[in-house]
Amino acid sequence: MSKTIELAKHLETLHINNMYKSDFYWTWDKTDEELDAIFTVADALRDLRERNKSTRIFDSGLGISIFRDNSTRTRFSFASACNLLGLTVQDLDEKKSQIAHGETVRETANMVSFMADVIGIRDDMFIGEGHKYQKTFMDAVKEGYRDGILEQQPTLVNLQCDVDHPTQCMADMLHIIHQFGGVENLKGKKIAMTWAYSPSYGKPLSVPQGVIGLMTRFGMDVVLAHPEGYDVMPEVEEIARKNVAATGGSYKKVATMEEAFQNADIVYPKSWAPFAAMEERTRLYQAGDQAGIDALEQKLLSQNAQHKDWTCSEEMMKKTRNGSALYLHCLPADITGLSCSEGEVDNSVFDRYLVPLYKQASFKPYIIAAMILMSKVKDPVSALMALDGAGKRKMF
Amino acid sequence: MSKTIELAKHLETLHINNMYKSDFYWTWDKTDEELDAIFTVADALRDLRERNKSTRIFDSGLGISIFRDNSTRTRFSFASACNLLGLTVQDLDEKKSQIAHGETVRETANMVSFMADVIGIRDDMFIGEGHKYQKTFMDAVKEGYRDGILEQQPTLVNLQCDVDHPTQCMADMLHIIHQFGGVENLKGKKIAMTWAYSPSYGKPLSVPQGVIGLMTRFGMDVVLAHPEGYDVMPEVEEIARKNVAATGGSYKKVATMEEAFQNADIVYPKSWAPFAAMEERTRLYQAGDQAGIDALEQKLLSQNAQHKDWTCSEEMMKKTRNGSALYLHCLPADITGLSCSEGEVDNSVFDRYLVPLYKQASFKPYIIAAMILMSKVKDPVSALMALDGAGKRKMF
Amino acid sequence: MSKTIELAKHLETLHINNMYKSDFYWTWDKTDEELDAIFTVADALRDLRERNKSTRIFDSGLGISIFRDNSTRTRFSFASACNLLGLTVQDLDEKKSQIAHGETVRETANMVSFMADVIGIRDDMFIGEGHKYQKTFMDAVKEGYRDGILEQQPTLVNLQCDVDHPTQCMADMLHIIHQFGGVENLKGKKIAMTWAYSPSYGKPLSVPQGVIGLMTRFGMDVVLAHPEGYDVMPEVEEIARKNVAATGGSYKKVATMEEAFQNADIVYPKSWAPFAAMEERTRLYQAGDQAGIDALEQKLLSQNAQHKDWTCSEEMMKKTRNGSALYLHCLPADITGLSCSEGEVDNSVFDRYLVPLYKQASFKPYIIAAMILMSKVKDPVSALMALDGAGKRKMF
């Protein structure tokens, strides 16, 4: 029995009826079994591909991508996932588009979706805006489908919003599961999500938020650490607390990187901007106050600079379990002595973890493909079995 | 018998031999039966897709797109149509291209067409230029095919030129046919193509021209209305007059929006620039006279502003048949109180017609796909029957 | 027996085991039989396509393109080749990417390659940089494959570097082979690769280098001519000399265009920048010395202008064998009286050779497709036979 068939049999045991035709905004919208289904399908698609079996569930179809910020990793991951399943990506490049001044999101959403099977949106820059845009967009296409404008209802893959970064955090989590030999081995493991110093400005909060919102569901001891003023959204911390209440792990905040790293099994040191400052920035942008934005940037950079000791140095790594915690990063990292003079991580640490780091990133295309498959295919168990059984090769 | 088979049987009765390998410049180049064939194939492709049947007639192949102006709707429609049939879009982005100073259109046309099955071009900004560019381009590939440079002869879909906008107007027409329950119900219906005020500048004339050139072929009473100085190309009015002489409808021009709307069954209020001004602009661009262009823009904006009463208000709509004519727009519209303070249409009118408006737009991908299919497939009846009969699904 | 089957039988006689999973940097890395294999597969793919047979060896898969300079011809050729084989192109547009300041090529290479089957890179502007970038990139993906980050090892097609332009020169060569009725007719033919005046600045050396590095392998008399100071890389001249020693042709340098053209069977007059100046430019760019770059440009333009007599005029063409040598150019050319007042070639000469020139360009997509097929398919003979035998059509 192939690995894919084994995985399909596991999938059969899960309650996943609500995933068909559903959008993927935040991991905490989904049940544990639904997340399990994503991981399972991701592994199955990888197995099929490794055995040169076609993974196309689409004969034709479009995946629409909207990147409201620059992106390489997520852009290529989305393109790879679409291609893996047989979809063609059509990018809505707002610079090349005739989106009229004052055109509603509702209109744009319908106009690009006549043949869209799936829609991937990245909009993470402005607190209070990214998720709202995705929701408005998807409500519009849902209404369009209901009104008979669209013949099919496209589904969303959130490619990063201001609240969560589910494709990243699910890929991170699948990497952890593989590194630790299964989800059953994670109980009691300590993971440290910590702030780290970066010489750049305004990095989104969606990764730390996504991490505490997801990783508190697996019985792990999740620790969040950051300097004063770098709090994440309280709503997401509330999610984290509910998660541990339900699954038996723990969630706590500590005041130093040292304490967070102490005996940690996994560390995720990464810079982000203060939530309050990001709220202020959103207001300044809405007011078109460029002088205010510039002043805020200077303020934030000097605020960052007070915490240069928050860095994943060799010293710091020594504090982790056996000095060899699994080091995670969503990439690109600010690497001390390589890409900047002082940054998030020592070059020697980063370099030692290069292979696992790149493997961590390698899960993202499969996670996205699994999200698409689960939202578009009514009977995913049969789909996996059919792909496994068919003689169709990925390449000659 | 499926709807597709019914449509294929209807297609079989039409004289369409000249469509194979032909370009689609203007609707008036085509016979009534040829236009009927496009509508028929568009409906069939939609039916196949709704029943999750593969509509691929290409196993591989390229659709080349050239957008010399920004575009969202038409870009996505072309991409959707190509994908529906199995073609991949390759966009000729003139900014990223090494098109040498002085490089001939003939050379560019051949260089991008070695594997092109179809070519879609939008070039609508300059009177006397858009069609000329398309013609030069297609003459070059035809010559290239004849000379053995190209192994296949790509065909053109005009995605909007300075004269006609056939994919738009054919989609508009198919929408009308569906709304009125068949082409046989259109005889004697009144359609008002009217100018409307917009606070922006230099909108192309191809939509009003395309509308009067096409909609005069179905026995309708077509009325064109615009303020003095906003005439369309006289050659196209000549086409409209010939059409009504042949098909028994009528074509007339009236001086006010009110008169045009009076008892209209269908209204299409939309802004455009004066033809003479667009000619002047073309000359100024050719002379590189930026000061002249700026002056012209100011002149045109203030000329527009004298006609703010040309707007599709609730008052105006009341004059139409039972106060409930079908409202059309090619989108995006300038909506009073939504996207601008005074524009083409009242927000309440626009909002009431939102669903039919978006449905109107939804026909464009199918119209484009039908144009491609009819120009590339020698025996379209067999092709539709084969797609209907094959067990191949669009998606799992 | 179809032409494809004949070609497959010829392919079977060649020693090509080393091509599977190999990169294509420079033609001189490959044996004569390996180059023969590329030509053979290119001809077979063309034959299959002409007979409307599907040439897809991929059911899904990605071709990554990286154009570090603007490109039309090569971009469309790569897109065409990928489409022909069933791959989708995903372009790494460095402007839209979040490639961090200081991000290593190793990281970028892995991040975009998780599902890459083939990678095409054009990077030709800086002497000493283009090939180095390609090598660093491909070493990174090779390491990524070895380390289990990538499940498959993508292969490289060099779409032009600072040293060679193999897809161009192989296409040129296949054109010559077809024009002269077979490689066996080339022995003793004289080909003149000559510099020509251009009013523009800094054209790469990879074409003349690629030509002397490749065309010296077919028993031809290869002559290189350029004004003083326009030398090509000595390493490549060394290759040319080794080639003729092995294959019995000749390679020599002459001081004038007249001498080079004398009784030539083939002429390839084309501008390029002086090697030493390109080295200096690389240094100036690395130092960020814009004033120095501007000064160098002026110096080079005036240096060029001293050699306006190096032009492929009608006079010059008369010196060739029967006044009717085969004229080659990689396009776009600087055409006297068409795209500039004084350039590389007279308009009347260029125009007379238009059809063969465009045919020359038409081989490039097939050459690229053949390079991809040979590097990805373990048993290309079976692949060609399977494509020929299968009833699968390219289009309905």
# chains A, B, ... in the order shown; residues from 1 in each chain; ligands from 1

call {"tool": "interface_residues", "arguments": {"of": "chain C", "to": "chain A", "cutoff": "10 Å", "atoms": "only C-alpha atoms", "output": "PyMOL selection string"}}
result
chain C and resi 56-62+64+85-104+107-108+110-117+143-144+147-152+373+376-380+382-383+386

call {"tool": "select_by_dssp", "arguments": {"residues": "segment 121-234 of chain A", "states": "strand (DSSP E or B)", "output": "PyMOL selection string"}}
result
chain A and resi 121-122+155-158+190-195+221-225

call {"tool": "atom_distance", "arguments": {"atom1": "atom CA of Glu235 of chain B", "atom2": "atom CA of Gly213 of chain B"}}
result
9.8 Å

call {"tool": "select_by_dssp", "arguments": {"residues": "segment 45-262 of chain A", "states": "alpha helix (DSSP H)", "output": "VMD selection string"}}
result
chain A and resid 45 to 50 73 to 85 105 to 111 130 to 146 166 to 179 206 to 215 234 to 247 257 to 261

call {"tool": "atom_distance", "arguments": {"atom1": "atom CA of Glu228 of chain C", "atom2": "atom CA of Ser271 of chain C"}}
result
13.5 Å

call {"tool": "residues_around", "arguments": {"residues": "Pro166 of chain A", "least_positions_apart": "2", "cutoff": "8 Å", "atoms": "only C-alpha atoms", "output": "ChimeraX atom specification"}}
result
/A:25-27,158-160,164,168-170,210

call {"tool": "residues_around", "arguments": {"residues": "Gly248 of chain B", "least_positions_apart": "3", "cutoff": "6 Å", "atoms": "only C-alpha atoms", "output": "list in words"}}
result
Gly219, Val244 and Ala245 of chain B

call {"tool": "atom_distance", "arguments": {"atom1": "atom CA of Phe39 of chain A", "atom2": "atom CA of Lys242 of chain A"}}
result
22.2 Å

call {"tool": "residues_around", "arguments": {"residues": "segment 125-135 of chain A", "least_positions_apart": "6", "cutoff": "7 Å", "atoms": "only C-alpha atoms", "output": "PyMOL selection string"}}
result
chain A and resi 161-163+204+278-279+282

call {"tool": "write_last_selection", "arguments": {"atoms": "N, CA, C and O atoms", "output": "PDB file, in the first residue's frame"}}
result
ATOM      1  N   CYS A 161      -2.471  37.995   5.901  1.00  0.00           N
ATOM      2  CA  CYS A 161      -3.208  39.228   6.175  1.00  0.00           C
ATOM      3  C   CYS A 161      -2.585  39.896   7.398  1.00  0.00           C
ATOM      4  O   CYS A 161      -1.484  39.548   7.818  1.00  0.00           O
ATOM      5  N   ASP A 162      -3.257  40.876   7.947  1.00  0.00           N
ATOM      6  CA  ASP A 162      -2.704  41.567   9.110  1.00  0.00           C
ATOM      7  C   ASP A 162      -2.842  40.742  10.391  1.00  0.00           C
ATOM      8  O   ASP A 162      -2.209  41.057  11.393  1.00  0.00           O
ATOM      9  N   VAL A 163      -3.630  39.675  10.348  1.00  0.00           N
ATOM     10  CA  VAL A 163      -3.916  38.898  11.556  1.00  0.00           C
ATOM     11  C   VAL A 163      -3.171  37.566  11.564  1.00  0.00           C
ATOM     12  O   VAL A 163      -2.534  37.210  12.548  1.00  0.00           O
ATOM     13  N   PRO A 204       5.395  42.813   9.398  1.00  0.00           N
ATOM     14  CA  PRO A 204       4.052  42.441   9.847  1.00  0.00           C
ATOM     15  C   PRO A 204       4.050  41.550  11.093  1.00  0.00           C
ATOM     16  O   PRO A 204       5.021  40.863  11.383  1.00  0.00           O
ATOM     17  N   MET A 278       1.784  50.149  14.366  1.00  0.00           N
ATOM     18  CA  MET A 278       1.175  49.769  13.090  1.00  0.00           C
ATOM     19  C   MET A 278      -0.227  50.367  12.965  1.00  0.00           C
ATOM     20  O   MET A 278      -0.649  50.759  11.871  1.00  0.00           O
ATOM     21  N   GLU A 279      -0.931  50.435  14.080  1.00  0.00           N
ATOM     22  CA  GLU A 279      -2.241  51.101  14.073  1.00  0.00           C
ATOM     23  C   GLU A 279      -2.073  52.581  13.716  1.00  0.00           C
ATOM     24  O   GLU A 279      -2.820  53.132  12.907  1.00  0.00           O
ATOM     25  N   THR A 282      -1.360  52.989  10.041  1.00  0.00           N
ATOM     26  CA  THR A 282      -2.584  52.859   9.242  1.00  0.00           C
ATOM     27  C   THR A 282      -3.328  54.194   9.207  1.00  0.00           C
ATOM     28  O   THR A 282      -3.761  54.655   8.145  1.00  0.00           O
TER      29      THR A 282
END

call {"tool": "residues_around", "arguments": {"residues": "Met215 of chain C", "least_positions_apart": "4", "cutoff": "10 Å", "atoms": "only C-alpha atoms", "output": "ChimeraX atom specification"}}
result
/C:169-170,172-173,191,193,210-211,219-222,240,243-244,249,251
